[in-house]
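> Below is the structure I would like to discuss, written out as structure tokens.
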Amino acid sequence: MDKGKSIKLELTAARVRKSILGQVFAASSGHPGGSLSCADMLTYLYFHEMEVDPAKPRWEGRDRFVLSKGHCSPALYAVLAERGFFPKDDLKGFRSADSYLEGHPSMKSVPGVDMSTGSLGQGISAAVGMAIAGKLYGEGFRVYAMIGDGESEEGQVWEAFMCAAHYKLDNLCCFLDYNGLQIDGSIKDVVSPEPFAEKYRAFGWNVVEIDGHDFAAIERAALEARACVGRPTAVVAATVKGKGVSYMENQAGWHGAAPNAEQYATALAELDAAIAGLGGANGNGGDVDG
Amino acid sequence: MADKVATREAYGKALAEFGADKDIVVLDADLSKSTMTNEFKKVYPERFVNMGIAEANMMDVAAGISTCGKTVFASSFAIFAAGRAWEQIRNTICYPSLNVKVGATHAGISVGEDGASHQCVEDLAIMRVLPNMRVISPCDAVSARWAVKAAIDNPGPFYLRFGRLAVGKVHGDDADFELGKGIRLRDGDDVTIMATGLMVHEALLAHEILKRKGIAARVVDMHTIKPLDEGMVEACARETGAIVTCEEHSVMGGFGGAVAEAVCRRFPVPMRMVGIMDRFGKSGKPQRLMEMYGLTASDVAGAAAELAAAKGGR
């Protein structure tokens with residue numbers, strides 16, 4: 001990936017992070033930590049990898065994405081709005097009774113959401129279903145999913161992994177947002193689902209291990225997934241929970257908590273500084289043209 | 001009787017019959033010989049996908065396939081389909097109202113020898129409570145075939161409840177079924193017996209027992225539990241003044257509960273519920289179990305006679 005493209009994606013991801021914070025602050029609730037850790041991969045998927053059409057969100061030939069860790073809806077909504085699926089202004093309504101932006105992704109109400117998720121372990125199975133449909137009917141679309149490391153304590157994730165390998169779903173690519181933290185603390189202390197790469201290989205998957213905040217690495221993984229024949233690909237992406245906001249980084253406490261006004265201002269200042277550092281204008285309302 | 005056919009067998013044959021529609025996909029969880037989805041597999045192996053013994057995954061895979069414009073049937077025994085995978089059905093099928101049809105076989109205690117672990121007597125309750133879900137409980141091969149067609153013709157989630165036992169025909173081959181409309185099988189004004197599934201057969205026998213006692217019992221096949229035919233419930237309440245419900249299911253929250261809700265809302269009359277009394281099943285021959293659990297024609301007739309007597313002061 002050339003430097004220009006990488007910087008453009010980083011600028012977009014910084015705007016997405018500002019939007020995540022904005023949504024959670026406006027709603028006084030939501031899940032910033034895991035949204036920030038998967039923000040770069042979501043940005044990559046919607047701005048560089050997937051074939052989608054914001055004007056036709058239900059276009060049959062589109063690539064599909066399932067956010068199996070559905071509580072990170074602010075990241076998905078931010079990326080979808082940034083990509084033009086719905087007005088950014090609507091994000092202010094996140095989690096409110098008069099908005100269509102449900103706390104967890106709802107495919108019936110939010111343009112661009114391919115599967116309703118929120119109950120952990122289920123989205124990955126639905127993604128497997130989409131990939132099976134693609135294979136059964138010879139459709140060329142690809143299916144992407146994002147699961148959490150804590151989510152992987154759900155047994156259903158492993159049923160889905162077994163099934164995907166059995167049916168040789170090489171049109172499926174699953175990203176693991178490996179930030180190491182869940183609500184009650186470190187995944188190592190709660191009930192460890194580790195090791196991941198070894199388990200995935202044992203389940204028959206192609207495995208790529210990357211830094212989930214490095215766009216060149218994300219691209220390499222996506223290309224490897226496309227090139228792999230006869231096996232689904234798991235991208236084990238090492239990430240930082242709360243990435244981009246200093247006081248949230250690696251803090252389990254920010255899994256599902258909203259910042260207060262002061263904390264929100266601090267977060268925005270940090271993200272604006274990051275944007276300026278990348279050569280973009282200081283964003284107000286996320287209007288930076290990457 | 002030679003012409004007895006299990007509703008699960010009619011289900012499998014209907015899938016094979018209507019499976020010419022290339023948008024139909026059938027999933028099973030390692031029970032295709034028992035659920036009879038292998039009838040579909042024989043004809044359309046390319047659209048049959050075995051999910052292995054992993055019902056939770058199966059339901060959500062079905063959801064995913066359906067979003068690609070397909071009609072998906074997902075089958076297992078009722079206890080595993082409705083029970084084990086309930087939350088998958090709730091959150092990933094019913095909440096987004098996806099085009100998935102849960103084909104559940106081996107419902108009720110007539111499963112027999114396998115015993116309590118495999119006898120699902122709670123499924124009607126936990127399926128009908130789900131928004132967007134439609135629930136059909138056919139009593140014979142003819143209505144089972146229609147149930148499959150209705151599920152295909154109406155987009156969105158369905159729960160189809162089939163039994164293991166071979167049963168005789170209640171309906172003629174040309175019977176006119178309509179989703180959400182009960183079918184009056186016997187006339188009578190002293191009491192109404194509303195039955196669903198296997199219990200329709202017992203209700204018809206009860207009608208004869210009651211006739212001999214001079215009681216005219218109306219008998220209605222309520223094949224659709226949801227949407228419930230509330231118009232039929234109200235008409236029977238008004239015209240006969242007493243209703244007995246019959247189901248091979250717990251008396252709590254199931255078909256009887258659904259009828260009671262409608263009766264309370266529209267025209268309160270005395271009711272009795274024939275069903276399983278808040279307990280688990282057990283191993284045994286199906287007919288013996290039906291007797292032990294109070295699900296025979298004489299149990300139905302007894303309940304109906306009591307109601308009629310209380311009503312008429314007999």
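Within each chain, counting starts at residue 1; across the structure tokens, chains are named A, B, ... in the order shown, with ligands numbered 1 upward in that order.
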Name all residues at most 10 Å from Glu139 in chain A (count only C-alpha atoms; drop same-chain ones fewer than 2 positions away) and give them as a list in words.

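Counting only the stated atoms, we get Glu60, Gly61, Arg62, Ala131, Ile132, Ala133, Gly134, Lys135, Leu136, Tyr137, Phe141, Arg142 and Asn171 of chain A; Cys68 of chain B.
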
> Skip range 43-46 of chain B itself and residues of its chain fewer than 3 positions away, then list as a list in words all residues within 10 Å of it, counting only C-alpha atoms.

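Listed by chain and then number, they are Leu136 and Tyr137 of chain A; Leu15, Ala16, Glu17, Gly19, Ala20, Lys22, Ile24, Val25, Val26, Asn38, Glu39, Phe40 and Val49 of chain B.
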
> Please, which residues of chain A lie no more than 8 Å from chain B when the count uses only C-alpha atoms, and can they be set out as a PyMOL selection string?

chain A and resi 60+106-108+115-117+119+122-123+125-133+136+156+159-160+163

> Pick out the closest residue to Lys241 in chain A from this set: A:Glu194, A:Asp177, A:Glu10, A:Asp2. Count only C-alpha atoms.

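For Lys241 in chain A, the nearest of the candidates is A:Asp177.
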
> Could you list, as a VMD selection string, every residue within 9 Å of Asp214 in chain A, counting only C-alpha atoms and ignoring same-chain residues fewer than 5 positions away?

chain A and resid 6 40 to 41 219

> Which is closer to Ser152 in chain A than all the others in A:His213, A:Ile218, A:Glu198, A:Lys69, using only C-alpha atoms?

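Using only C-alpha atoms, Ser152 in chain A sits closest to A:Lys69.
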
> Based on the backbone DSSP call, show me all residues of range 87-142 of chain A assigned alpha helix (DSSP H), as a VMD selection string.

chain A and resid 122 to 136

> Pull N, CA and C atoms from the residues just selected and write them as a short mmCIF file (atom, residue, chain, number, x, y, z; two decimals), in the first residue's frame.


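Below you can see again_9.cif, which holds the result:
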data_model
loop_
_atom_site.label_atom_id
_atom_site.label_comp_id
_atom_site.auth_asym_id
_atom_site.auth_seq_id
_atom_site.Cartn_x
_atom_site.Cartn_y
_atom_site.Cartn_z
N GLN A 122 -23.55 -15.12 17.46
CA GLN A 122 -24.53 -15.42 16.41
C GLN A 122 -24.17 -14.84 15.05
N GLY A 123 -23.55 -13.67 15.05
CA GLY A 123 -23.24 -13.02 13.78
C GLY A 123 -22.32 -13.85 12.90
N ILE A 124 -21.34 -14.50 13.50
CA ILE A 124 -20.40 -15.28 12.70
C ILE A 124 -21.14 -16.43 12.00
N SER A 125 -22.12 -17.02 12.67
CA SER A 125 -22.92 -18.08 12.01
C SER A 125 -23.70 -17.51 10.83
N ALA A 126 -24.25 -16.32 11.01
CA ALA A 126 -25.00 -15.71 9.91
C ALA A 126 -24.07 -15.41 8.74
N ALA A 127 -22.85 -14.99 9.04
CA ALA A 127 -21.87 -14.74 7.97
C ALA A 127 -21.54 -16.05 7.24
N VAL A 128 -21.43 -17.13 7.99
CA VAL A 128 -21.20 -18.44 7.38
C VAL A 128 -22.37 -18.77 6.44
N GLY A 129 -23.59 -18.46 6.89
CA GLY A 129 -24.77 -18.70 6.05
C GLY A 129 -24.70 -17.92 4.74
N MET A 130 -24.31 -16.66 4.82
CA MET A 130 -24.18 -15.85 3.60
C MET A 130 -23.14 -16.46 2.66
N ALA A 131 -22.03 -16.91 3.23
CA ALA A 131 -20.97 -17.50 2.40
C ALA A 131 -21.45 -18.81 1.78
N ILE A 132 -22.24 -19.59 2.54
CA ILE A 132 -22.80 -20.83 1.98
C ILE A 132 -23.73 -20.49 0.82
N ALA A 133 -24.56 -19.46 1.00
CA ALA A 133 -25.47 -19.06 -0.08
C ALA A 133 -24.65 -18.66 -1.32
N GLY A 134 -23.57 -17.93 -1.11
CA GLY A 134 -22.71 -17.54 -2.23
C GLY A 134 -22.17 -18.74 -2.98
N LYS A 135 -21.77 -19.76 -2.24
CA LYS A 135 -21.24 -20.98 -2.85
C LYS A 135 -22.33 -21.78 -3.55
N LEU A 136 -23.48 -21.94 -2.87
CA LEU A 136 -24.57 -22.74 -3.44
C LEU A 136 -25.05 -22.19 -4.77
#

> Just the residues within 9 Å of Ala222 in chain A, please, counting only C-alpha atoms, with nothing from its chain fewer than 2 positions along; format it as number ranges by chain.

A: 45, 49, 173, 217-220, 224-227, 233, 235

> Please give the complete set of residues from range 39-218 of chain A that DSSP, run on the backbone, assigns to strand (DSSP E or B), formatted as a VMD selection string.

chain A and resid 64 to 67 143 to 148 172 to 178 181 to 182 185 to 186 206 to 211

> I'd like the neighbourhood of Asp229 in chain B as a ChimeraX atom specification, where a residue qualifies if any of its atoms comes within 7 Å (using only C-alpha atoms), though same-chain residues fewer than 4 positions away should be ignored.

/B:180-182,233

> Can you spit out the residues from that selection as a PDB file, in the first residue's frame, using N, CA and C atoms?


ATOM      1  N   GLY B 180     -54.234 -19.046   9.670  1.00  0.00           N
ATOM      2  CA  GLY B 180     -54.934 -18.280  10.699  1.00  0.00           C
ATOM      3  C   GLY B 180     -56.444 -18.480  10.713  1.00  0.00           C
ATOM      4  N   LYS B 181     -56.925 -19.523  10.017  1.00  0.00           N
ATOM      5  CA  LYS B 181     -58.369 -19.803  10.025  1.00  0.00           C
ATOM      6  C   LYS B 181     -58.619 -21.237  10.475  1.00  0.00           C
ATOM      7  N   GLY B 182     -59.298 -21.390  11.592  1.00  0.00           N
ATOM      8  CA  GLY B 182     -59.641 -22.721  12.088  1.00  0.00           C
ATOM      9  C   GLY B 182     -60.648 -23.387  11.167  1.00  0.00           C
ATOM     10  N   VAL B 233     -62.718 -18.261  17.673  1.00  0.00           N
ATOM     11  CA  VAL B 233     -62.793 -18.441  19.127  1.00  0.00           C
ATOM     12  C   VAL B 233     -64.004 -17.692  19.668  1.00  0.00           C
TER      13      VAL B 233
END

> Would you pick out the contacts of Asp114 in chain A at 7 Å or less, using only C-alpha atoms, so that residues sharing its chain but fewer than 2 positions from it are not included, and give the list as a VMD selection string?

chain A and resid 64 to 66 107 112

> Which residue gives the smallest distance to Asp190 in chain B among B:Gly103, B:Gly241, B:Gly256, B:Pro227, with only C-alpha atoms counted?

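Ranked by minimum distance to Asp190 in chain B, first place goes to B:Gly241.
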
> Can you tell me how far CA of Phe175 in chain A sits from CA of His71 in chain A, in Å to one decimal?

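Here the two named atoms are 15.7 Å from each other.
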
> Near Leu185 in chain B, within 7 Å and counting only C-alpha atoms, which residues show up once chain neighbours fewer than 2 positions away are dropped, as a list in words?

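Answer for this query is Ile183, Asp187, Val219, Val220 and Asp221 of chain B.
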
> My list of candidates is B:Ala104, B:Ala116, B:Ile243, B:Ile89. Which is closest to Ala217 in chain B when distances are computed with only C-alpha atoms?

B:Ile243

> Point out the residue among A:Gly4, A:Gly230, A:Gly22, A:Gly93 with the least atom-to-atom distance to Gln263 in chain A, counting only C-alpha atoms.

A:Gly22

> Quick check, in Å to one decimal: how far apart do CA of Lys169 in chain B and CA of Ala141 in chain B lie?

6.7 Å
